[in-house]
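> So here's entry27.cif, just mmCIF, N, CA and C atoms:
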```cif
data_structure
#
loop_
_atom_site.group_PDB
_atom_site.id
_atom_site.type_symbol
_atom_site.label_atom_id
_atom_site.label_comp_id
_atom_site.auth_asym_id
_atom_site.auth_seq_id
_atom_site.Cartn_x
_atom_site.Cartn_y
_atom_site.Cartn_z
ATOM 1 N N MET M 374 0.851 -1.163 0.000
ATOM 2 C CA MET M 374 0.000 0.000 0.000
ATOM 3 C C MET M 374 0.902 1.233 0.000
ATOM 4 N N VAL M 375 0.547 2.188 -0.843
ATOM 5 C CA VAL M 375 1.296 3.431 -0.955
ATOM 6 C C VAL M 375 0.348 4.575 -0.615
ATOM 7 N N ASP M 376 0.753 5.433 0.299
ATOM 8 C CA ASP M 376 -0.060 6.588 0.684
ATOM 9 C C ASP M 376 0.482 7.818 -0.040
ATOM 10 N N LEU M 377 -0.148 8.172 -1.150
ATOM 11 C CA LEU M 377 0.315 9.313 -1.936
ATOM 12 C C LEU M 377 0.098 10.634 -1.208
ATOM 13 N N THR M 378 -0.831 10.663 -0.245
ATOM 14 C CA THR M 378 -1.043 11.890 0.528
ATOM 15 C C THR M 378 0.162 12.190 1.411
ATOM 16 N N LYS M 379 0.998 11.181 1.645
ATOM 17 C CA LYS M 379 2.230 11.355 2.432
ATOM 18 C C LYS M 379 3.456 11.373 1.523
ATOM 19 N N LYS M 380 3.230 11.515 0.220
ATOM 20 C CA LYS M 380 4.313 11.573 -0.781
ATOM 21 C C LYS M 380 5.118 10.284 -0.870
ATOM 22 N N GLU M 381 4.499 9.147 -0.472
ATOM 23 C CA GLU M 381 5.164 7.856 -0.622
ATOM 24 C C GLU M 381 5.162 7.466 -2.096
ATOM 25 N N THR M 382 6.090 6.624 -2.484
ATOM 26 C CA THR M 382 6.157 6.128 -3.857
ATOM 27 C C THR M 382 6.201 4.609 -3.842
ATOM 28 N N GLY M 383 5.939 4.012 -4.990
ATOM 29 C CA GLY M 383 5.983 2.563 -5.074
ATOM 30 C C GLY M 383 6.050 2.120 -6.512
ATOM 31 N N SER M 384 6.217 0.835 -6.704
ATOM 32 C CA SER M 384 6.237 0.275 -8.050
ATOM 33 C C SER M 384 5.597 -1.100 -8.011
ATOM 34 N N GLY M 385 5.314 -1.639 -9.162
ATOM 35 C CA GLY M 385 4.667 -2.930 -9.235
ATOM 36 C C GLY M 385 3.189 -2.811 -8.923
ATOM 37 N N TYR M 386 2.526 -3.941 -8.765
ATOM 38 C CA TYR M 386 1.116 -3.939 -8.395
ATOM 39 C C TYR M 386 0.991 -3.331 -7.010
ATOM 40 N N ARG M 387 0.036 -2.399 -6.853
ATOM 41 C CA ARG M 387 -0.089 -1.751 -5.543
ATOM 42 C C ARG M 387 -1.432 -1.042 -5.387
ATOM 43 N N PHE M 388 -1.824 -0.924 -4.141
ATOM 44 C CA PHE M 388 -2.940 -0.063 -3.781
ATOM 45 C C PHE M 388 -2.364 1.307 -3.481
ATOM 46 N N GLU M 389 -3.052 2.339 -3.927
ATOM 47 C CA GLU M 389 -2.645 3.703 -3.639
ATOM 48 C C GLU M 389 -3.794 4.430 -2.951
ATOM 49 N N ILE M 390 -3.494 5.143 -1.893
ATOM 50 C CA ILE M 390 -4.468 6.022 -1.260
ATOM 51 C C ILE M 390 -4.126 7.431 -1.707
ATOM 52 N N ASP M 391 -5.120 8.155 -2.234
ATOM 53 C CA ASP M 391 -4.886 9.494 -2.744
ATOM 54 C C ASP M 391 -6.015 10.415 -2.302
ATOM 55 N N GLU M 392 -5.807 11.702 -2.454
ATOM 56 C CA GLU M 392 -6.799 12.686 -2.052
ATOM 57 C C GLU M 392 -7.520 13.242 -3.274
ATOM 58 N N ALA M 393 -8.841 13.268 -3.207
ATOM 59 C CA ALA M 393 -9.667 13.830 -4.279
ATOM 60 C C ALA M 393 -9.691 15.357 -4.155
ATOM 61 N N LYS M 394 -10.177 16.027 -5.177
ATOM 62 C CA LYS M 394 -10.246 17.486 -5.175
ATOM 63 C C LYS M 394 -11.088 18.028 -4.032
ATOM 64 N N ASN M 395 -12.073 17.239 -3.587
ATOM 65 C CA ASN M 395 -12.956 17.697 -2.509
ATOM 66 C C ASN M 395 -12.372 17.427 -1.116
ATOM 67 N N GLY M 396 -11.142 16.911 -1.043
ATOM 68 C CA GLY M 396 -10.476 16.669 0.224
ATOM 69 C C GLY M 396 -10.695 15.278 0.786
ATOM 70 N N GLU M 397 -11.609 14.514 0.204
ATOM 71 C CA GLU M 397 -11.825 13.144 0.660
ATOM 72 C C GLU M 397 -10.748 12.239 0.070
ATOM 73 N N THR M 398 -10.650 11.012 0.572
ATOM 74 C CA THR M 398 -9.640 10.072 0.081
ATOM 75 C C THR M 398 -10.300 8.982 -0.756
ATOM 76 N N PHE M 399 -9.500 8.368 -1.617
ATOM 77 C CA PHE M 399 -9.964 7.246 -2.423
ATOM 78 C C PHE M 399 -8.823 6.283 -2.632
ATOM 79 N N VAL M 400 -9.150 5.110 -3.154
ATOM 80 C CA VAL M 400 -8.175 4.046 -3.377
ATOM 81 C C VAL M 400 -8.101 3.729 -4.854
ATOM 82 N N ARG M 401 -6.882 3.541 -5.336
ATOM 83 C CA ARG M 401 -6.649 3.032 -6.696
ATOM 84 C C ARG M 401 -5.860 1.736 -6.571
ATOM 85 N N PHE M 402 -6.101 0.818 -7.518
ATOM 86 C CA PHE M 402 -5.243 -0.354 -7.650
ATOM 87 C C PHE M 402 -4.529 -0.190 -8.970
ATOM 88 N N ARG M 403 -3.206 -0.145 -8.918
ATOM 89 C CA ARG M 403 -2.398 0.123 -10.107
ATOM 90 C C ARG M 403 -1.618 -1.126 -10.498
ATOM 91 N N ALA M 404 -1.588 -1.424 -11.784
ATOM 92 C CA ALA M 404 -0.857 -2.575 -12.313
ATOM 93 C C ALA M 404 0.642 -2.267 -12.374
ATOM 94 N N ALA M 405 1.429 -3.298 -12.581
ATOM 95 C CA ALA M 405 2.887 -3.145 -12.643
ATOM 96 C C ALA M 405 3.325 -2.214 -13.774
ATOM 97 N N ASN M 406 2.507 -2.127 -14.830
ATOM 98 C CA ASN M 406 2.869 -1.255 -15.955
ATOM 99 C C ASN M 406 2.404 0.184 -15.744
ATOM 100 N N GLY M 407 1.852 0.485 -14.582
ATOM 101 C CA GLY M 407 1.432 1.847 -14.269
ATOM 102 C C GLY M 407 -0.019 2.158 -14.563
ATOM 103 N N GLU M 408 -0.725 1.255 -15.235
ATOM 104 C CA GLU M 408 -2.127 1.488 -15.573
ATOM 105 C C GLU M 408 -3.014 1.345 -14.341
ATOM 106 N N ILE M 409 -4.006 2.219 -14.228
ATOM 107 C CA ILE M 409 -4.978 2.114 -13.144
ATOM 108 C C ILE M 409 -5.994 1.052 -13.531
ATOM 109 N N MET M 410 -6.162 0.069 -12.653
ATOM 110 C CA MET M 410 -7.094 -1.019 -12.919
ATOM 111 C C MET M 410 -8.443 -0.770 -12.254
ATOM 112 N N VAL M 411 -8.434 -0.201 -11.045
ATOM 113 C CA VAL M 411 -9.659 0.030 -10.277
ATOM 114 C C VAL M 411 -9.498 1.324 -9.487
ATOM 115 N N ARG M 412 -10.618 2.084 -9.388
ATOM 116 C CA ARG M 412 -10.652 3.266 -8.531
ATOM 117 C C ARG M 412 -11.915 3.179 -7.684
ATOM 118 N N SER M 413 -11.785 3.450 -6.403
ATOM 119 C CA SER M 413 -12.924 3.354 -5.491
ATOM 120 C C SER M 413 -13.723 4.655 -5.472
ATOM 121 N N GLU M 414 -14.815 4.599 -4.724
ATOM 122 C CA GLU M 414 -15.544 5.813 -4.393
ATOM 123 C C GLU M 414 -14.683 6.632 -3.439
ATOM 124 N N THR M 415 -15.112 7.850 -3.103
ATOM 125 C CA THR M 415 -14.357 8.645 -2.143
ATOM 126 C C THR M 415 -14.871 8.378 -0.733
ATOM 127 N N TYR M 416 -13.960 8.551 0.218
ATOM 128 C CA TYR M 416 -14.265 8.315 1.632
ATOM 129 C C TYR M 416 -13.922 9.562 2.422
ATOM 130 N N LYS M 417 -14.709 9.846 3.450
ATOM 131 C CA LYS M 417 -14.463 11.024 4.279
ATOM 132 C C LYS M 417 -13.203 10.879 5.132
ATOM 133 N N SER M 418 -12.845 9.648 5.467
ATOM 134 C CA SER M 418 -11.655 9.434 6.300
ATOM 135 C C SER M 418 -10.675 8.472 5.625
ATOM 136 N N LYS M 419 -9.423 8.657 5.947
ATOM 137 C CA LYS M 419 -8.385 7.777 5.413
ATOM 138 C C LYS M 419 -8.542 6.366 5.954
ATOM 139 N N SER M 420 -9.037 6.244 7.184
ATOM 140 C CA SER M 420 -9.223 4.907 7.757
ATOM 141 C C SER M 420 -10.265 4.120 6.964
ATOM 142 N N SER M 421 -11.269 4.785 6.430
ATOM 143 C CA SER M 421 -12.260 4.100 5.592
ATOM 144 C C SER M 421 -11.624 3.619 4.290
ATOM 145 N N ALA M 422 -10.710 4.407 3.731
ATOM 146 C CA ALA M 422 -9.993 3.985 2.524
ATOM 147 C C ALA M 422 -9.133 2.756 2.824
ATOM 148 N N LYS M 423 -8.487 2.743 3.979
ATOM 149 C CA LYS M 423 -7.679 1.584 4.374
ATOM 150 C C LYS M 423 -8.564 0.360 4.584
ATOM 151 N N ASN M 424 -9.753 0.556 5.140
ATOM 152 C CA ASN M 424 -10.698 -0.557 5.305
ATOM 153 C C ASN M 424 -11.116 -1.112 3.951
ATOM 154 N N CYS M 425 -11.259 -0.250 2.958
ATOM 155 C CA CYS M 425 -11.579 -0.683 1.587
ATOM 156 C C CYS M 425 -10.498 -1.635 1.084
ATOM 157 N N ILE M 426 -9.243 -1.258 1.258
ATOM 158 C CA ILE M 426 -8.123 -2.099 0.812
ATOM 159 C C ILE M 426 -8.146 -3.445 1.525
ATOM 160 N N GLU M 427 -8.326 -3.417 2.841
ATOM 161 C CA GLU M 427 -8.359 -4.661 3.619
ATOM 162 C C GLU M 427 -9.502 -5.565 3.176
ATOM 163 N N SER M 428 -10.649 -4.972 2.877
ATOM 164 C CA SER M 428 -11.805 -5.747 2.431
ATOM 165 C C SER M 428 -11.527 -6.417 1.083
ATOM 166 N N ILE M 429 -10.932 -5.671 0.169
ATOM 167 C CA ILE M 429 -10.603 -6.236 -1.147
ATOM 168 C C ILE M 429 -9.604 -7.376 -0.992
ATOM 169 N N GLN M 430 -8.569 -7.153 -0.207
ATOM 170 C CA GLN M 430 -7.556 -8.189 -0.017
ATOM 171 C C GLN M 430 -8.157 -9.456 0.581
ATOM 172 N N LYS M 431 -9.067 -9.307 1.506
ATOM 173 C CA LYS M 431 -9.694 -10.457 2.145
ATOM 174 C C LYS M 431 -10.601 -11.208 1.168
ATOM 175 N N ARG M 432 -11.390 -10.477 0.403
ATOM 176 C CA ARG M 432 -12.402 -11.092 -0.441
ATOM 177 C C ARG M 432 -11.878 -11.585 -1.788
ATOM 178 N N VAL M 433 -10.750 -11.092 -2.240
ATOM 179 C CA VAL M 433 -10.227 -11.513 -3.541
ATOM 180 C C VAL M 433 -9.880 -13.000 -3.535
ATOM 181 N N ALA M 434 -9.453 -13.517 -2.402
ATOM 182 C CA ALA M 434 -9.114 -14.937 -2.307
ATOM 183 C C ALA M 434 -10.349 -15.812 -2.470
ATOM 184 N N GLU M 435 -11.523 -15.255 -2.142
ATOM 185 C CA GLU M 435 -12.769 -15.998 -2.220
ATOM 186 C C GLU M 435 -13.490 -15.814 -3.568
ATOM 187 N N ALA M 436 -12.994 -14.906 -4.397
ATOM 188 C CA ALA M 436 -13.688 -14.558 -5.634
ATOM 189 C C ALA M 436 -13.591 -15.676 -6.673
ATOM 190 N N ALA M 437 -14.704 -15.917 -7.341
ATOM 191 C CA ALA M 437 -14.715 -16.896 -8.424
ATOM 192 C C ALA M 437 -14.125 -16.272 -9.681
ATOM 193 N N VAL M 438 -13.458 -17.084 -10.477
ATOM 194 C CA VAL M 438 -12.913 -16.624 -11.746
ATOM 195 C C VAL M 438 -13.848 -17.101 -12.852
ATOM 196 N N GLU M 439 -14.333 -16.145 -13.634
ATOM 197 C CA GLU M 439 -15.236 -16.468 -14.727
ATOM 198 C C GLU M 439 -14.618 -15.979 -16.031
ATOM 199 N N GLU M 440 -14.582 -16.849 -17.015
ATOM 200 C CA GLU M 440 -14.021 -16.466 -18.306
ATOM 201 C C GLU M 440 -15.141 -15.957 -19.205
ATOM 202 N N ALA M 441 -14.848 -14.855 -19.893
ATOM 203 C CA ALA M 441 -15.810 -14.306 -20.846
ATOM 204 C C ALA M 441 -15.724 -15.116 -22.129
ATOM 205 N N GLU M 442 -16.869 -15.349 -22.735
ATOM 206 C CA GLU M 442 -16.862 -16.130 -23.985
ATOM 207 C C GLU M 442 -16.865 -15.238 -25.183
#
```
Any chance you could give the structure as structure tokens?

Amino acid sequence: MVDLTKKETGSGYRFEIDEAKNGETFVRFRAANGEIMVRSETYKSKSSAKNCIESIQKRVAEAAVEEAE
């Protein structure tokens, strides 16, 4: 996890916490090539953004993989 509001940097697959224009925080999941794969809604607190990351990490292991035809 990289907290861009604290000027942290990172590389590879990562969650990023960033600040929206309205001052709220949101989460991005960025691929190793730098592309944004997912962006969350905005949260009033940074702790809610961190809870979003924890929830995704917990539930991804349980997610079914479905192939598009």
> Find the residues near Ala405 of chain M: any atom within 7 Å, counting only N, CA and C atoms, skip ones fewer than 4 places away on the same chain, and give them as a VMD selection string.
chain M and resid 384 to 387
> So that I have them on file, write out the residues from the current selection with N, CA and C atoms, as a compact mmCIF listing (two decimals), in the coordinates of the input.

```txt
# COMPACT_ATOMS: atom_id res chain seq x y z
N SER M 384 6.22 0.84 -6.70
CA SER M 384 6.24 0.28 -8.05
C SER M 384 5.60 -1.10 -8.01
N GLY M 385 5.31 -1.64 -9.16
CA GLY M 385 4.67 -2.93 -9.24
C GLY M 385 3.19 -2.81 -8.92
N TYR M 386 2.53 -3.94 -8.76
CA TYR M 386 1.12 -3.94 -8.40
C TYR M 386 0.99 -3.33 -7.01
N ARG M 387 0.04 -2.40 -6.85
CA ARG M 387 -0.09 -1.75 -5.54
C ARG M 387 -1.43 -1.04 -5.39
```
> Smallest atom-to-atom distance to Glu389 of chain M: which of M:Val433, M:Val438, M:Cys425, M:Met374, using only C-alpha atoms?
M:Met374
> Looking at only C-alpha atoms, which of M:Gln430, M:Tyr416, M:Ala437, M:Ser421 is the one that sits closest to Asn395 of chain M?
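When distances to Asn395 of chain M are compared using only C-alpha atoms, the smallest one comes from M:Tyr416.
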> To one decimal in Å, tell me the separation between atom CA of Lys431 of chain M and atom N of Gly396 of chain M.
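Atom-to-atom, atom CA of Lys431 of chain M and atom N of Gly396 of chain M are spaced 27.6 Å apart.
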> Would you write out, as a PyMOL selection string, every residue that the PyMOL selection byres ((chain M and resi 414) around 7) captures in this file?
chain M and resi 398-400+412-413+415-416
